[in-house]
file entry_11.cif (mmCIF, C-alpha atoms)
data_start
loop_
_atom_site.label_atom_id
_atom_site.label_comp_id
_atom_site.auth_asym_id
_atom_site.auth_seq_id
_atom_site.Cartn_x
_atom_site.Cartn_y
_atom_site.Cartn_z
CA MET A 242 -33.50 -56.90 -27.60
CA ASN A 243 -31.12 -57.54 -30.43
CA ARG A 244 -30.09 -54.95 -32.99
CA GLN A 245 -32.51 -56.09 -35.74
CA SER A 246 -35.54 -55.98 -33.41
CA TYR A 247 -34.54 -52.52 -32.26
CA ILE A 248 -34.31 -51.26 -35.84
CA ALA A 249 -37.68 -52.86 -36.72
CA LEU A 250 -39.30 -51.18 -33.70
CA MET A 251 -37.85 -47.81 -34.66
CA VAL A 252 -39.12 -48.17 -38.25
CA ALA A 253 -42.61 -49.21 -37.07
CA SER A 254 -42.88 -46.32 -34.61
CA GLY A 255 -41.62 -43.95 -37.32
CA LEU A 256 -44.31 -45.14 -39.70
CA VAL A 257 -47.07 -44.77 -37.08
CA LEU A 258 -45.93 -41.27 -36.08
CA GLY A 259 -45.50 -40.32 -39.74
CA GLY A 260 -49.04 -41.46 -40.47
CA VAL A 261 -50.41 -39.41 -37.57
CA PHE A 262 -48.51 -36.30 -38.69
CA ASP A 263 -49.55 -36.84 -42.32
CA SER A 264 -53.19 -37.13 -41.31
CA ALA A 265 -52.98 -33.93 -39.24
CA ARG A 266 -51.30 -32.13 -42.12
CA ALA A 267 -53.97 -33.34 -44.57
CA ASP A 268 -56.75 -32.09 -42.26
CA GLU A 269 -55.03 -28.73 -42.01
CA ALA A 270 -54.67 -28.53 -45.81
CA THR A 271 -58.36 -29.43 -46.30
CA ASP A 272 -59.38 -26.74 -43.80
CA GLN A 273 -57.24 -24.25 -45.68
CA LEU A 274 -58.86 -25.22 -49.02
CA ALA A 275 -62.35 -24.94 -47.54
CA GLY A 276 -61.44 -21.57 -45.99
CA ASP A 277 -60.20 -20.20 -49.33
CA ALA A 278 -63.30 -21.43 -51.17
CA ASN A 279 -65.63 -19.98 -48.53
CA GLU A 280 -63.86 -16.65 -48.74
CA SER A 281 -64.50 -16.49 -52.51
CA ILE A 282 -68.12 -17.52 -51.95
CA ALA A 283 -68.61 -14.80 -49.31
CA VAL A 284 -67.39 -12.12 -51.74
CA ALA A 285 -69.67 -13.47 -54.49
CA ALA A 286 -72.65 -13.72 -52.11
CA ALA A 287 -72.18 -10.08 -51.07
CA ALA A 288 -72.13 -9.02 -54.74
CA VAL A 289 -75.27 -11.08 -55.44
CA GLU A 290 -77.04 -9.35 -52.54
CA GLU A 291 -76.00 -5.94 -53.91
CA ALA A 292 -77.33 -6.99 -57.32
CA ARG A 293 -80.61 -8.08 -55.70
CA ALA A 294 -80.94 -4.63 -54.09
CA ALA A 295 -80.12 -2.98 -57.44
CA ILE A 296 -82.88 -5.00 -59.14
CA GLY A 297 -85.31 -3.84 -56.43
CA ASN A 298 -84.42 -0.19 -57.17
CA GLY A 299 -84.43 -0.87 -60.91
CA LYS A 300 -88.14 -1.63 -60.94
CA GLU A 301 -88.87 1.86 -59.63
CA LEU A 302 -86.35 3.44 -62.02
CA VAL A 303 -87.92 1.82 -65.10
CA ALA A 304 -91.25 3.35 -64.09
CA LEU A 305 -89.63 6.80 -64.27
CA ILE A 306 -88.64 6.40 -67.93
CA PRO A 307 -91.34 7.61 -70.35
CA ALA A 308 -92.69 4.81 -72.56
CA ASP A 309 -91.93 6.81 -75.71
CA SER A 310 -88.32 7.55 -74.68
CA GLU A 311 -85.79 6.99 -77.46
CA MET A 312 -83.65 5.12 -74.93
CA MET A 313 -86.36 2.54 -74.26
CA GLY A 314 -84.93 0.00 -76.76
CA GLU A 315 -81.53 0.10 -75.09
CA VAL A 316 -83.09 -0.04 -71.63
CA LYS A 317 -84.89 -3.24 -72.64
CA GLN A 318 -81.61 -4.74 -73.90
CA MET A 319 -79.95 -3.90 -70.59
CA LEU A 320 -82.83 -5.50 -68.68
CA VAL A 321 -82.55 -8.69 -70.76
CA ALA A 322 -78.77 -8.87 -70.18
CA ALA A 323 -79.22 -8.17 -66.47
CA SER A 324 -81.92 -10.81 -66.16
CA GLU A 325 -79.81 -13.49 -67.90
CA ASN A 326 -76.80 -12.69 -65.76
CA TRP A 327 -78.88 -12.67 -62.59
CA THR A 328 -80.04 -16.23 -63.29
CA THR A 329 -76.44 -17.28 -64.02
CA ALA A 330 -75.15 -15.62 -60.86
CA VAL A 331 -77.70 -17.27 -58.58
CA LYS A 332 -77.13 -20.73 -60.10
CA ALA A 333 -73.34 -20.34 -59.97
CA LEU A 334 -73.47 -19.30 -56.31
CA GLU A 335 -75.46 -22.43 -55.48
CA GLY A 336 -72.96 -24.53 -57.44
CA ALA A 337 -70.05 -22.91 -55.63
CA LYS A 338 -71.60 -23.66 -52.23
CA GLU A 339 -72.23 -27.27 -53.24
CA SER A 340 -68.63 -27.77 -54.40
CA ALA A 341 -67.26 -26.14 -51.25
CA SER A 342 -69.38 -28.43 -49.05
CA LYS A 343 -67.68 -31.46 -50.65
CA ILE A 344 -64.13 -30.33 -49.88
CA GLY A 345 -64.25 -31.66 -46.31
CA THR A 346 -65.57 -35.09 -47.34
CA ALA A 347 -63.25 -35.62 -50.33
CA SER A 348 -61.43 -38.95 -50.26
CA SER A 349 -58.08 -37.47 -51.26
CA SER A 350 -56.29 -34.14 -51.17
CA GLU A 351 -56.29 -34.02 -54.98
CA ILE A 352 -60.09 -34.36 -55.14
CA ALA A 353 -60.41 -31.74 -52.37
CA GLN A 354 -58.20 -29.42 -54.43
CA ASP A 355 -60.43 -29.95 -57.49
CA TYR A 356 -63.59 -29.20 -55.50
CA LYS A 357 -61.92 -26.04 -54.22
CA LEU A 358 -61.06 -25.02 -57.78
CA LEU A 359 -64.64 -25.63 -58.93
CA ALA A 360 -66.01 -23.68 -55.97
CA THR A 361 -63.67 -20.74 -56.56
CA VAL A 362 -64.32 -20.50 -60.30
CA ASN A 363 -68.07 -20.92 -59.80
CA ALA A 364 -67.95 -18.12 -57.23
CA GLY A 365 -66.17 -16.06 -59.89
CA VAL A 366 -69.00 -16.74 -62.34
CA ALA A 367 -71.49 -15.60 -59.68
CA LEU A 368 -69.46 -12.49 -58.87
CA SER A 369 -69.06 -11.45 -62.52
CA GLY A 370 -72.76 -12.10 -63.22
CA ALA A 371 -73.76 -9.97 -60.22
CA LYS A 372 -71.46 -7.15 -61.31
CA VAL A 373 -72.97 -7.19 -64.81
CA VAL A 374 -76.44 -6.88 -63.24
CA GLN A 375 -75.26 -3.87 -61.24
CA THR A 376 -73.69 -2.22 -64.30
CA GLY A 377 -76.83 -2.79 -66.37
CA LEU A 378 -78.98 -1.23 -63.69
CA LEU A 379 -76.62 1.73 -63.42
CA PHE A 380 -77.39 2.40 -67.09
CA ILE A 381 -81.11 2.38 -66.30
CA ASP A 382 -80.44 4.68 -63.34
CA ALA A 383 -78.60 7.10 -65.66
CA VAL A 384 -81.45 7.09 -68.20
CA ALA A 385 -84.16 7.50 -65.55
CA ASN A 386 -82.35 10.37 -63.83
CA ASN A 387 -81.28 12.02 -67.09
CA LYS A 388 -77.55 11.62 -66.44
CA THR A 389 -76.90 11.49 -70.17
CA GLU A 390 -73.22 12.44 -69.91
CA SER A 391 -72.43 9.14 -68.19
CA LEU A 392 -74.34 6.92 -70.64
CA ASP A 393 -71.47 6.43 -73.08
CA ILE A 394 -69.07 5.28 -70.37
CA ILE A 395 -71.62 2.91 -68.78
CA ARG A 396 -72.60 1.52 -72.19
CA MET A 397 -68.95 0.79 -72.98
CA ALA A 398 -68.37 -0.68 -69.49
CA MET A 399 -71.39 -2.95 -69.97
CA GLN A 400 -70.17 -4.22 -73.34
CA ASP A 401 -66.72 -4.96 -71.92
CA SER A 402 -68.27 -6.60 -68.85
CA LEU A 403 -70.41 -8.89 -70.99
CA ALA A 404 -67.34 -9.93 -73.01
CA ALA A 405 -65.29 -10.56 -69.85
CA THR A 406 -68.19 -12.47 -68.24
CA SER A 407 -68.41 -14.78 -71.21
CA GLN A 408 -64.67 -15.40 -70.77
CA VAL A 409 -65.26 -16.29 -67.12
CA GLN A 410 -68.04 -18.71 -68.06
CA PHE A 411 -65.95 -20.21 -70.86
CA ASN A 412 -63.07 -20.82 -68.45
CA TYR A 413 -65.41 -22.35 -65.89
CA GLU A 414 -66.63 -24.82 -68.51
CA ARG A 415 -63.02 -25.56 -69.43
CA VAL A 416 -62.12 -26.21 -65.77
CA LYS A 417 -65.12 -28.55 -65.45
CA THR A 418 -64.17 -30.43 -68.63
CA LEU A 419 -60.50 -30.78 -67.65
CA ILE A 420 -61.39 -32.08 -64.19
CA ALA A 421 -63.98 -34.49 -65.63
CA GLU A 422 -61.40 -35.77 -68.15
CA LYS A 423 -58.92 -36.38 -65.34
CA TYR A 424 -61.29 -38.74 -63.50
CA SER A 425 -62.75 -40.42 -66.58
CA LYS A 426 -59.34 -41.88 -67.57
CA MET B 30 -16.68 -44.57 -53.42
CA LYS B 31 -18.22 -47.13 -51.07
CA LYS B 32 -21.36 -48.96 -52.10
CA HIS B 33 -23.65 -47.48 -49.43
CA GLN B 34 -22.46 -43.94 -50.23
CA LEU B 35 -23.30 -44.48 -53.87
CA TYR B 36 -26.79 -45.78 -52.99
CA ARG B 37 -27.33 -42.82 -50.69
CA LYS B 38 -26.41 -40.35 -53.41
CA LEU B 39 -28.59 -42.13 -55.95
CA GLY B 40 -31.51 -42.10 -53.51
CA LEU B 41 -31.11 -38.40 -52.81
CA GLY B 42 -30.93 -37.70 -56.52
CA ALA B 43 -34.13 -39.67 -57.14
CA ILE B 44 -35.96 -37.81 -54.34
CA LEU B 45 -34.81 -34.46 -55.70
CA ALA B 46 -35.91 -35.33 -59.24
CA THR B 47 -39.34 -36.44 -57.95
CA VAL B 48 -39.81 -33.22 -55.96
CA VAL B 49 -38.85 -31.08 -58.97
CA SER B 50 -41.18 -32.95 -61.34
CA ILE B 51 -44.09 -32.74 -58.85
CA CYS B 52 -43.56 -28.96 -58.58
CA GLN B 53 -43.51 -28.59 -62.35
CA VAL B 54 -46.59 -30.73 -62.89
CA HIS B 55 -48.42 -28.71 -60.25
CA ALA B 56 -47.34 -25.40 -61.78
CA ALA B 57 -48.32 -26.56 -65.22
CA ASP B 58 -51.77 -27.84 -64.29
CA LEU B 59 -54.04 -26.63 -67.07
CA ALA B 60 -57.23 -26.73 -65.01
CA THR B 61 -55.68 -24.51 -62.33
CA ALA B 62 -54.45 -22.18 -65.06
CA SER B 63 -57.95 -21.96 -66.55
CA GLY B 64 -59.24 -21.12 -63.08
CA THR B 65 -56.66 -18.35 -62.76
CA LEU B 66 -57.61 -17.01 -66.19
CA ALA B 67 -61.26 -16.95 -65.08
CA GLU B 68 -60.29 -15.05 -61.91
CA VAL B 69 -58.41 -12.45 -63.97
CA SER B 70 -61.49 -11.96 -66.18
CA VAL B 71 -63.61 -11.52 -63.03
CA LEU B 72 -61.26 -8.70 -62.00
CA ALA B 73 -61.86 -7.09 -65.40
CA VAL B 74 -65.65 -7.21 -64.82
CA GLN B 75 -65.17 -5.67 -61.36
CA ALA B 76 -63.02 -2.89 -62.84
CA LYS B 77 -65.74 -2.10 -65.41
CA ALA B 78 -68.41 -2.05 -62.71
CA ASP B 79 -66.27 0.39 -60.72
CA LEU B 80 -65.93 2.52 -63.86
CA ALA B 81 -69.71 2.56 -64.35
CA SER B 82 -70.19 3.59 -60.69
CA ALA B 83 -67.66 6.39 -61.12
CA ALA B 84 -69.38 7.52 -64.33
CA ILE B 85 -72.77 7.87 -62.67
CA SER B 86 -71.25 9.83 -59.78
CA GLY B 87 -70.14 12.48 -62.28
CA ASP B 88 -66.81 12.96 -60.46
CA VAL B 89 -64.28 13.62 -63.23
CA ASN B 90 -61.26 12.62 -61.11
CA ALA B 91 -62.95 9.38 -60.03
CA ILE B 92 -63.77 8.57 -63.66
CA ALA B 93 -60.18 9.23 -64.78
CA ASP B 94 -58.88 7.03 -61.97
CA ALA B 95 -61.36 4.25 -62.78
CA VAL B 96 -60.45 4.40 -66.48
CA LYS B 97 -56.76 4.09 -65.58
CA ARG B 98 -57.44 1.09 -63.35
CA ALA B 99 -59.71 -0.60 -65.90
CA ASP B 100 -57.09 -0.12 -68.64
CA ALA B 101 -54.38 -1.59 -66.41
CA VAL B 102 -56.61 -4.58 -65.61
CA ASP B 103 -57.33 -5.06 -69.33
CA ALA B 104 -53.57 -5.06 -70.00
CA ALA B 105 -53.14 -7.70 -67.30
CA VAL B 106 -55.95 -9.79 -68.88
CA ALA B 107 -54.09 -9.67 -72.21
CA ASP B 108 -50.89 -10.78 -70.44
CA ALA B 109 -52.76 -13.60 -68.74
CA GLN B 110 -54.24 -14.81 -72.03
CA ALA B 111 -50.80 -14.77 -73.66
CA ALA B 112 -49.33 -16.70 -70.71
CA TYR B 113 -52.16 -19.27 -70.91
CA SER B 114 -51.57 -19.78 -74.64
CA ALA B 115 -47.84 -20.23 -73.95
CA LEU B 116 -48.71 -22.77 -71.24
CA GLU B 117 -50.94 -24.73 -73.62
CA ARG B 118 -48.22 -24.79 -76.28
CA ALA B 119 -45.56 -25.82 -73.75
CA LEU B 120 -47.70 -28.67 -72.41
CA ALA B 121 -48.56 -29.83 -75.91
CA SER B 122 -44.86 -30.01 -76.77
CA GLY B 123 -43.97 -31.59 -73.41
CA ASP B 124 -41.64 -28.74 -72.40
CA LEU B 125 -42.12 -28.66 -68.63
CA ASP B 126 -39.64 -25.84 -68.03
CA ALA B 127 -41.49 -23.56 -70.46
CA ALA B 128 -44.79 -24.63 -68.89
CA ALA B 129 -43.55 -23.71 -65.41
CA ALA B 130 -42.35 -20.34 -66.75
CA ALA B 131 -45.73 -19.70 -68.41
CA ALA B 132 -47.54 -20.64 -65.18
CA GLU B 133 -45.36 -18.09 -63.34
CA ASP B 134 -46.23 -15.44 -65.96
CA LEU B 135 -49.92 -16.22 -65.49
CA ALA B 136 -49.64 -15.83 -61.72
CA ALA B 137 -47.77 -12.54 -62.24
CA ALA B 138 -50.51 -11.28 -64.58
CA LYS B 139 -53.17 -12.11 -61.97
CA GLN B 140 -51.19 -10.24 -59.33
CA LYS B 141 -50.89 -7.28 -61.73
CA ALA B 142 -54.65 -7.28 -62.30
CA ASP B 143 -55.29 -7.52 -58.54
CA ASP B 144 -52.95 -4.62 -57.84
CA ALA B 145 -54.47 -2.51 -60.63
CA LEU B 146 -58.00 -3.07 -59.30
CA ASN B 147 -56.81 -1.96 -55.86
CA GLY B 148 -55.32 1.21 -57.32
CA ALA B 149 -51.68 0.20 -57.69
CA VAL B 150 -51.35 1.13 -61.35
CA PRO B 151 -47.72 1.18 -62.50
CA GLU B 152 -46.62 4.53 -63.90
CA PRO B 153 -45.04 4.29 -67.34
CA THR B 154 -41.26 4.49 -67.01
CA PRO B 155 -39.75 7.49 -68.84
CA LYS B 156 -37.73 6.55 -71.93
CA SER B 157 -33.98 6.93 -71.86
CA ALA B 158 -32.28 9.39 -74.26
CA LYS B 159 -30.91 6.42 -76.20
CA GLU B 160 -34.38 4.93 -76.71
CA VAL B 161 -35.76 8.28 -77.85
CA TRP B 162 -32.87 8.65 -80.30
CA LYS B 163 -33.38 5.11 -81.58
CA GLU B 164 -37.06 5.78 -82.21
CA GLY B 165 -36.13 8.95 -84.06
CA GLN B 166 -33.99 6.91 -86.45
CA THR B 167 -36.81 4.65 -87.51
CA ASN B 168 -39.00 5.44 -90.46
CA THR B 169 -42.40 4.73 -88.99
CA GLY B 170 -44.29 6.49 -91.73
CA GLY B 171 -45.59 9.52 -89.94
CA GLY B 172 -44.34 8.67 -86.45
CA PRO B 173 -41.54 10.39 -84.59
CA GLY B 174 -39.05 9.63 -87.43
CA ARG B 175 -37.82 12.15 -89.93
CA ALA B 176 -40.53 13.15 -92.35
CA TYR B 177 -38.69 12.15 -95.51
CA ASP B 178 -36.63 9.29 -94.17
CA PRO B 179 -36.24 7.07 -97.24
CA PRO B 180 -36.54 3.30 -97.16
CA ASN B 181 -33.16 1.55 -97.26
CA ILE B 182 -33.12 -0.37 -100.53
CA TYR B 183 -29.85 -2.10 -99.56
CA ASP B 184 -31.37 -3.57 -96.42
CA VAL B 185 -30.33 -7.18 -95.89
CA PRO B 186 -32.99 -8.70 -93.66
CA TRP B 187 -30.90 -11.59 -92.35
CA GLN B 188 -28.07 -9.41 -91.06
CA THR B 189 -27.88 -8.37 -87.43
CA ALA B 190 -29.88 -5.42 -86.16
CA GLY B 191 -26.67 -3.47 -85.53
CA LEU B 192 -25.42 -3.93 -89.08
CA ARG B 193 -28.81 -3.11 -90.55
CA SER B 194 -29.00 0.05 -88.48
CA MET B 195 -25.50 1.06 -89.62
CA TYR B 196 -26.27 0.44 -93.32
CA SER B 197 -29.55 2.28 -92.96
CA SER B 198 -27.80 5.25 -91.41
CA MET B 199 -25.10 5.26 -94.15
CA PHE B 200 -27.70 5.05 -96.89
CA SER B 201 -29.68 7.85 -95.34
CA THR B 202 -26.57 10.08 -95.18
CA VAL B 203 -25.67 9.41 -98.82
CA PHE B 204 -29.26 9.92 -99.93
CA THR B 205 -29.51 13.28 -98.18
CA ALA B 206 -26.06 14.44 -99.39
CA SER B 207 -26.92 13.62 -103.00
CA GLY B 208 -30.03 15.76 -102.92
CA GLY B 209 -32.55 13.39 -101.50
CA SER B 210 -35.65 14.78 -99.85
CA SER B 211 -34.50 16.78 -96.88
CA ALA B 212 -35.71 20.04 -95.44
CA ASN B 213 -32.34 21.82 -95.90
CA SER B 214 -31.30 20.20 -99.15
CA ASN B 215 -29.88 22.61 -101.74
CA SER B 216 -28.90 19.95 -104.24
CA TYR B 217 -30.37 19.29 -107.63
CA GLY B 218 -32.44 16.30 -106.69
CA ASP B 219 -35.75 17.83 -105.76
CA SER B 220 -35.23 21.62 -105.97
CA ASP B 221 -38.20 23.58 -107.14
CA ALA B 222 -38.53 24.19 -110.87
CA THR B 223 -39.55 27.79 -110.32
CA PRO B 224 -37.87 30.12 -107.80
CA GLU B 225 -41.11 31.47 -106.29
#

call {"tool": "encode", "arguments": {"input": "entry_11.cif", "output": "structure tokens"}}
result
Amino acid sequence: MNRQSYIALMVASGLVLGGVFDSARADEATDQLAGDANESIAVAAAAVEEARAAIGNGKELVALIPADSEMMGEVKQMLVAASENWTTAVKALEGAKESASKIGTASSSEIAQDYKLLATVNAGVALSGAKVVQTGLLFIDAVANNKTESLDIIRMAMQDSLAATSQVQFNYERVKTLIAEKYSK
Amino acid sequence: MKKHQLYRKLGLGAILATVVSICQVHAADLATASGTLAEVSVLAVQAKADLASAAISGDVNAIADAVKRADAVDAAVADAQAAYSALERALASGDLDAAAAAAEDLAAAKQKADDALNGAVPEPTPKSAKEVWKEGQTNTGGGPGRAYDPPNIYDVPWQTAGLRSMYSSMFSTVFTASGGSSANSNSYGDSDATPE
């Protein structure tokens, strides 16, 4: 074997081995992305389950509040906010699961990364929605059980939560738009 | 320098430049930054939910602790929003170094919010004697400054802070000595018309 053939053989074997290592590394990176996304989804799913339980208790709590209570108007507002956020949370959790399921089948690491980002942010939307539901139902709990001293704090916490949740949703939409723009070019 | 050495150095330089630019582009990715901003806002919602839970428990210490955590998370959210705005501006102007710095600030704000939610709220650092003195020299209009500290009419806004402070101090001394409003002033400037 002359010198040139030897060098060509070394380069070819290097490329083959490099490809194998690259492929293994890409699989590992994809697994890591999927793992991170699933972790976020698990946290959000747990919060959604807690919110579901809170809604179950809430039905009984509302029955305890007298129909002519002066707090009834505010209770209704809390129920409306909780209901809207519940719908958002459930939809977002489904969306997060769907995005996470596409990480493994993505054709490139960049697309896998984008699916992971969508899954994580969607899980965040679900988590924040579920937490707003819980906070809203804590207000109803306080009214039903006459814990009037805590109403001001919960009311303020709910207002801040709604503002922060709208920020989460706004940022999710922005992430979606930026990713869509990237692939539409 | 031999030809192959030159090529080798050029190649290494090109690889280094590529690696640096890839890192910067990654750090400055706006979509990732928006995701981080969303995550920080989620932490704020969690902090408020914790506060509501503490409120309904009626435990005063738990409420105080939850308020402290929620405030610290809110401060981190404000930091994150400022960092995101800086990132947007840096990307719009094509300044990759500033974008990388803003991305780092955003990550730091998220870490701060995470820590605050988990109870690691930084205690405010006590002010040094010099800082306290400096604050005392400023006429804040009802703040810690002297009650009748007059405005410095000879202030030259474009001079350095040190010079402005010195002129302000000199003016204040002259004003007080010539009977300006001061608690111990015995001069003619603002003495009472009637002795009682």

call {"tool": "closest_atom_pairs", "arguments": {"input": "entry_11.cif", "of": "chain B", "to": "chain A", "cutoff": "8 Å", "atoms": "only C-alpha atoms", "output": "Markdown table"}}
result
| residue | atom | partner | partner_atom | distance |
| --- | --- | --- | --- | --- |
| B:Leu59 | CA | A:Leu419 | CA | 7.7 |
| B:Ala60 | CA | A:Val416 | CA | 5.0 |
| B:Thr61 | CA | A:Leu358 | CA | 7.1 |
| B:Ser63 | CA | A:Asn412 | CA | 5.6 |
| B:Gly64 | CA | A:Val362 | CA | 5.8 |
| B:Leu66 | CA | A:Asn412 | CA | 7.0 |
| B:Ala67 | CA | A:Val409 | CA | 4.5 |
| B:Glu68 | CA | A:Gly365 | CA | 6.3 |
| B:Ser70 | CA | A:Ala405 | CA | 5.5 |
| B:Val71 | CA | A:Ser369 | CA | 5.5 |
| B:Ala73 | CA | A:Ala405 | CA | 6.6 |
| B:Val74 | CA | A:Ser402 | CA | 4.8 |
| B:Gln75 | CA | A:Lys372 | CA | 6.5 |
| B:Lys77 | CA | A:Ala398 | CA | 5.1 |
| B:Ala78 | CA | A:Thr376 | CA | 5.5 |
| B:Leu80 | CA | A:Ala398 | CA | 6.9 |
| B:Ala81 | CA | A:Ile395 | CA | 4.8 |
| B:Ser82 | CA | A:Leu379 | CA | 7.2 |
| B:Ala84 | CA | A:Ser391 | CA | 5.2 |
| B:Ile85 | CA | A:Ser391 | CA | 5.7 |
| B:Gly87 | CA | A:Ser391 | CA | 7.2 |

call {"tool": "residues_around", "arguments": {"input": "entry_11.cif", "residues": "Ala294 of chain A", "least_positions_apart": "3", "cutoff": "12 Å", "atoms": "all atoms listed in the file", "output": "tab-separated table (two decimals) with C-alpha atoms, keeping the file's coordinate frame"}}
result
chain	number	residue	atom	x	y	z
A	287	ALA	CA	-72.18	-10.08	-51.07
A	288	ALA	CA	-72.13	-9.02	-54.74
A	289	VAL	CA	-75.27	-11.08	-55.44
A	290	GLU	CA	-77.04	-9.35	-52.54
A	291	GLU	CA	-76.00	-5.94	-53.91
A	297	GLY	CA	-85.31	-3.84	-56.43
A	298	ASN	CA	-84.42	-0.19	-57.17
A	299	GLY	CA	-84.43	-0.87	-60.91
A	300	LYS	CA	-88.14	-1.63	-60.94
A	301	GLU	CA	-88.87	1.86	-59.63
A	327	TRP	CA	-78.88	-12.67	-62.59
A	371	ALA	CA	-73.76	-9.97	-60.22
A	374	VAL	CA	-76.44	-6.88	-63.24
A	375	GLN	CA	-75.26	-3.87	-61.24
A	378	LEU	CA	-78.98	-1.23	-63.69

call {"tool": "resolve_selection", "arguments": {"input": "entry_11.cif", "expression": "the PyMOL selection byres ((chain A and resi 342-348) around 12)", "output": "PDB file with C-alpha atoms, in the coordinates of the input"}}
result
ATOM      1  CA  ALA A 267     -53.970 -33.340 -44.570  1.00  0.00           C
ATOM      2  CA  ASP A 268     -56.750 -32.090 -42.260  1.00  0.00           C
ATOM      3  CA  GLU A 269     -55.030 -28.730 -42.010  1.00  0.00           C
ATOM      4  CA  ALA A 270     -54.670 -28.530 -45.810  1.00  0.00           C
ATOM      5  CA  THR A 271     -58.360 -29.430 -46.300  1.00  0.00           C
ATOM      6  CA  ASP A 272     -59.380 -26.740 -43.800  1.00  0.00           C
ATOM      7  CA  GLN A 273     -57.240 -24.250 -45.680  1.00  0.00           C
ATOM      8  CA  LEU A 274     -58.860 -25.220 -49.020  1.00  0.00           C
ATOM      9  CA  ALA A 275     -62.350 -24.940 -47.540  1.00  0.00           C
ATOM     10  CA  GLY A 276     -61.440 -21.570 -45.990  1.00  0.00           C
ATOM     11  CA  ASP A 277     -60.200 -20.200 -49.330  1.00  0.00           C
ATOM     12  CA  ALA A 278     -63.300 -21.430 -51.170  1.00  0.00           C
ATOM     13  CA  ASN A 279     -65.630 -19.980 -48.530  1.00  0.00           C
ATOM     14  CA  ILE A 282     -68.120 -17.520 -51.950  1.00  0.00           C
ATOM     15  CA  GLU A 335     -75.460 -22.430 -55.480  1.00  0.00           C
ATOM     16  CA  GLY A 336     -72.960 -24.530 -57.440  1.00  0.00           C
ATOM     17  CA  ALA A 337     -70.050 -22.910 -55.630  1.00  0.00           C
ATOM     18  CA  LYS A 338     -71.600 -23.660 -52.230  1.00  0.00           C
ATOM     19  CA  GLU A 339     -72.230 -27.270 -53.240  1.00  0.00           C
ATOM     20  CA  SER A 340     -68.630 -27.770 -54.400  1.00  0.00           C
ATOM     21  CA  ALA A 341     -67.260 -26.140 -51.250  1.00  0.00           C
ATOM     22  CA  SER A 349     -58.080 -37.470 -51.260  1.00  0.00           C
ATOM     23  CA  SER A 350     -56.290 -34.140 -51.170  1.00  0.00           C
ATOM     24  CA  GLU A 351     -56.290 -34.020 -54.980  1.00  0.00           C
ATOM     25  CA  ILE A 352     -60.090 -34.360 -55.140  1.00  0.00           C
ATOM     26  CA  ALA A 353     -60.410 -31.740 -52.370  1.00  0.00           C
ATOM     27  CA  GLN A 354     -58.200 -29.420 -54.430  1.00  0.00           C
ATOM     28  CA  ASP A 355     -60.430 -29.950 -57.490  1.00  0.00           C
ATOM     29  CA  TYR A 356     -63.590 -29.200 -55.500  1.00  0.00           C
ATOM     30  CA  LYS A 357     -61.920 -26.040 -54.220  1.00  0.00           C
ATOM     31  CA  LEU A 358     -61.060 -25.020 -57.780  1.00  0.00           C
ATOM     32  CA  LEU A 359     -64.640 -25.630 -58.930  1.00  0.00           C
ATOM     33  CA  ALA A 360     -66.010 -23.680 -55.970  1.00  0.00           C
ATOM     34  CA  THR A 361     -63.670 -20.740 -56.560  1.00  0.00           C
TER      35      THR A 361
END

call {"tool": "atom_distance", "arguments": {"input": "entry_11.cif", "atom1": "atom CA of Ala421 of chain A", "atom2": "atom CA of Ala111 of chain B"}}
result
25.0 Å

call {"tool": "resolve_selection", "arguments": {"input": "entry_11.cif", "expression": "the PyMOL selection byres ((chain B and resi 137) around 12)", "output": "PyMOL selection string"}}
result
chain B and resi 65-66+69+105-106+108-110+112-113+130-136+138-144
